[in-house]
Amino acid sequence: MPDAAYHAEHQPEKPEWYKELAKYEKPDIRRAFIQLCNTLIPLLGLLGMMLYTVTHGYPYWITLGMSVVAAGFLCRTFIFFHDCTHGSFFPSQRANAILGFLLGVLMMTPYGQWRWSHLKHHASFANLDRRGVGDVKLMTVDEYQAASRWQRLVYRWYRHPFVLFGLGSTILFAIIYRFPIRRASARERRSVWLTDGALLAMTAVVGLTVGFRPLLLVLVPVWFILWMVGVWIFYIQHQFEGVYWARQAEWDFFRASLEGSSYYRLPKVLQWFTGNIGLHHVHHLRPRIPNYSLQQAYDATPAVQAVKALTLRSSLKTIRLNLYDERRRQMVSFHALDRCEQIDERGGT
Amino acid sequence: MGTDSPLEESFGKYIWCELCGHVYSAAAWVAADNTCPNCGASIANARPWEEIRQLNPQYPVTPVEGTEYALYS
């Protein structure tokens with residue numbers, strides 16, 4: 001990812017520890033292969049077992065129970081896909097491109113288009129003047145106050161957890177990703193149509209073999225959980241209490257990485273299923289560190305250990321934070337803003 | 001008007017590498033066996049320089065070969 005390196009290079013003082021982190025950027029084919037085996041084999045096995053349960057009259061709740069675990073494996077698979085977009089999973093870029101495309105089909109996510117928007121995200125994260133690419137929509141307090149009643153309503157609706165993580169994530173992955181984005185290049189468009197074609201072919205082959213109903217009964221809950229967790233993770237990475245956001249003129253790469261990207265410390269099992277992506281501050285500092293080296297990089301670098309961790313419990317509190325207050329440099333809730341506006345209307349302080 | 005290589009036909013005269021951000025001519029990519037001369041990235045990571053210029057209008061029409069340009073400066 002060029003922008004991380006570019007902006008770090010152009011900082012007046014580049015800390016020694018940042019240079020040291022570069023040594024973790026090396027892809028390791030053995031570790032990548034082990035990860036693929038310990039994730040894709042159980043995933044395919046579970047999907048097979050789920051198909052068996054729906055075609056042999058087992059109660060559907062058994063299938064649903066297995067879908068939670070399968071979604072965990074698929075979530076880990078998404079991180080491999082994400083590593084491929086950074087060219088960090090395998091040493092060979094051709095291998096990264098092929099694997100990325102195949103895994104993208106499995107998750108209904110077009111590799112080429114997603115990679116380009118993710119690259120833009122790495123060049124614009126925590127930057128208030130460059131919002132809107134690869135991130136969860138965030139309005140500032142001033143923008144919200146200047147918005148029409150209708151715009152406010154739409155934004156409030158969008159930020160509702162049920163919409164954002166449930167309905168919205170499904171619309172994003174199942175519908176929006178099926179079409180090229182506006183102003184997509186020919187290559188991005190091709191990646192979308194190829195993914196759609198492969199998805200259709202895969203569905204047709206498996207559906208004609210085992211039946212479309214059982215296939216949907218198996219895949220839909222797994223995808224739904226994956227997308228919900230996926231959007232939650234995208235969200236928590238750059239929207240939390242105390243997060244750094246700045247305008248272009250004062251945007252600082254190291255602050256954006258260390259204070260504008262979260263360290264989401266999850267229980268070890270969840271950390272495994274989410275492919276260490278909770279170490280997101282390390283990832284933004286050095287996007288080419290593969291997921292399997294992030295923990296080592298973290299353990300060896302006191303500067304990144306100094307970042308305050310978000311836990312499962314504290315992360316849940318971020319759901320009520322909806323707007324960024326530029327004056328106070330913090331995220332605030334609709335509720336807090338409404339109260340301030342009511343006080344202002346009454347002429348209070 | 002024809003071009004010197006199929007790579008130039010697809011990407012234009014200069015190519016920006018998604019992985020390292022360095023710019024080289026299409027001819028330099030061809031000479032490096034269709035990879036980025038700086039980091040070895042494949043064609044899958046190549047971007048036309050014009051596309052980067054559209055995001056950064058202040059960038060020169062003719063970039064300095066071998067120089068790193070940020071996606072957003």
# chains A, B, ... in the order shown; residues from 1 in each chain; ligands from 1
$ interface_residues --of "chain B" --to "chain A" --cutoff "6 Å" --atoms "only C-alpha atoms" --output "list of chain:residue names"
B:Leu19, B:Cys20, B:Gly21, B:Ala41, B:Ser42, B:Ala70
$ write_last_selection --atoms "N, CA and C atoms" --output "PDB file, in the first residue's frame"
ATOM      1  N   LEU B  19       0.968  -1.335  -5.333  1.00  0.00           N
ATOM      2  CA  LEU B  19       1.605  -1.855  -4.115  1.00  0.00           C
ATOM      3  C   LEU B  19       2.707  -0.954  -3.573  1.00  0.00           C
ATOM      4  N   CYS B  20       3.472  -0.302  -4.458  1.00  0.00           N
ATOM      5  CA  CYS B  20       4.568   0.530  -3.928  1.00  0.00           C
ATOM      6  C   CYS B  20       4.416   2.005  -4.289  1.00  0.00           C
ATOM      7  N   GLY B  21       3.474   2.337  -5.168  1.00  0.00           N
ATOM      8  CA  GLY B  21       3.214   3.732  -5.511  1.00  0.00           C
ATOM      9  C   GLY B  21       4.242   4.343  -6.457  1.00  0.00           C
ATOM     10  N   ALA B  41       5.610  -6.203  -8.370  1.00  0.00           N
ATOM     11  CA  ALA B  41       4.160  -6.466  -8.430  1.00  0.00           C
ATOM     12  C   ALA B  41       3.746  -6.821  -9.856  1.00  0.00           C
ATOM     13  N   SER B  42       2.666  -7.577  -9.962  1.00  0.00           N
ATOM     14  CA  SER B  42       2.243  -8.035 -11.289  1.00  0.00           C
ATOM     15  C   SER B  42       1.328  -7.014 -11.960  1.00  0.00           C
ATOM     16  N   ALA B  70       1.866   9.408  -3.953  1.00  0.00           N
ATOM     17  CA  ALA B  70       0.780   8.884  -3.108  1.00  0.00           C
ATOM     18  C   ALA B  70      -0.519   8.841  -3.895  1.00  0.00           C
TER      19      ALA B  70
END
$ residues_around --residues "stretch 46-57 of chain B" --least-positions-apart "3" --cutoff "6 Å" --atoms "only C-alpha atoms" --output "MDAnalysis selection string"
chainID B and resid 11 14:17 43
$ residues_around --residues "stretch 297-309 of chain A" --least-positions-apart "4" --cutoff "6 Å" --atoms "only C-alpha atoms" --output "JSON, numbers by chain"
{"A": [263, 264, 265]}
$ write_last_selection --atoms "N, CA, C and O atoms" --output "compact mmCIF listing (two decimals), in the first residue's frame"
# COMPACT_ATOMS: atom_id res chain seq x y z
N TYR A 263 -7.46 -0.59 18.30
CA TYR A 263 -6.88 -1.87 18.69
C TYR A 263 -8.02 -2.61 19.39
O TYR A 263 -8.36 -2.30 20.53
N TYR A 264 -8.62 -3.53 18.66
CA TYR A 264 -9.80 -4.24 19.17
C TYR A 264 -9.32 -5.56 19.77
O TYR A 264 -9.08 -6.52 19.04
N ARG A 265 -9.13 -5.54 21.10
CA ARG A 265 -8.56 -6.74 21.76
C ARG A 265 -9.69 -7.73 22.06
O ARG A 265 -10.48 -7.53 22.98
$ atom_distance --atom1 "atom CA of A:Ile34" --atom2 "atom CA of A:Leu226"
22.0 Å
$ closest_residue --among "A:Lys137, A:Trp61, A:Ser67, A:Ala186" --to "B:Ser10" --atoms "only C-alpha atoms"
A:Ala186
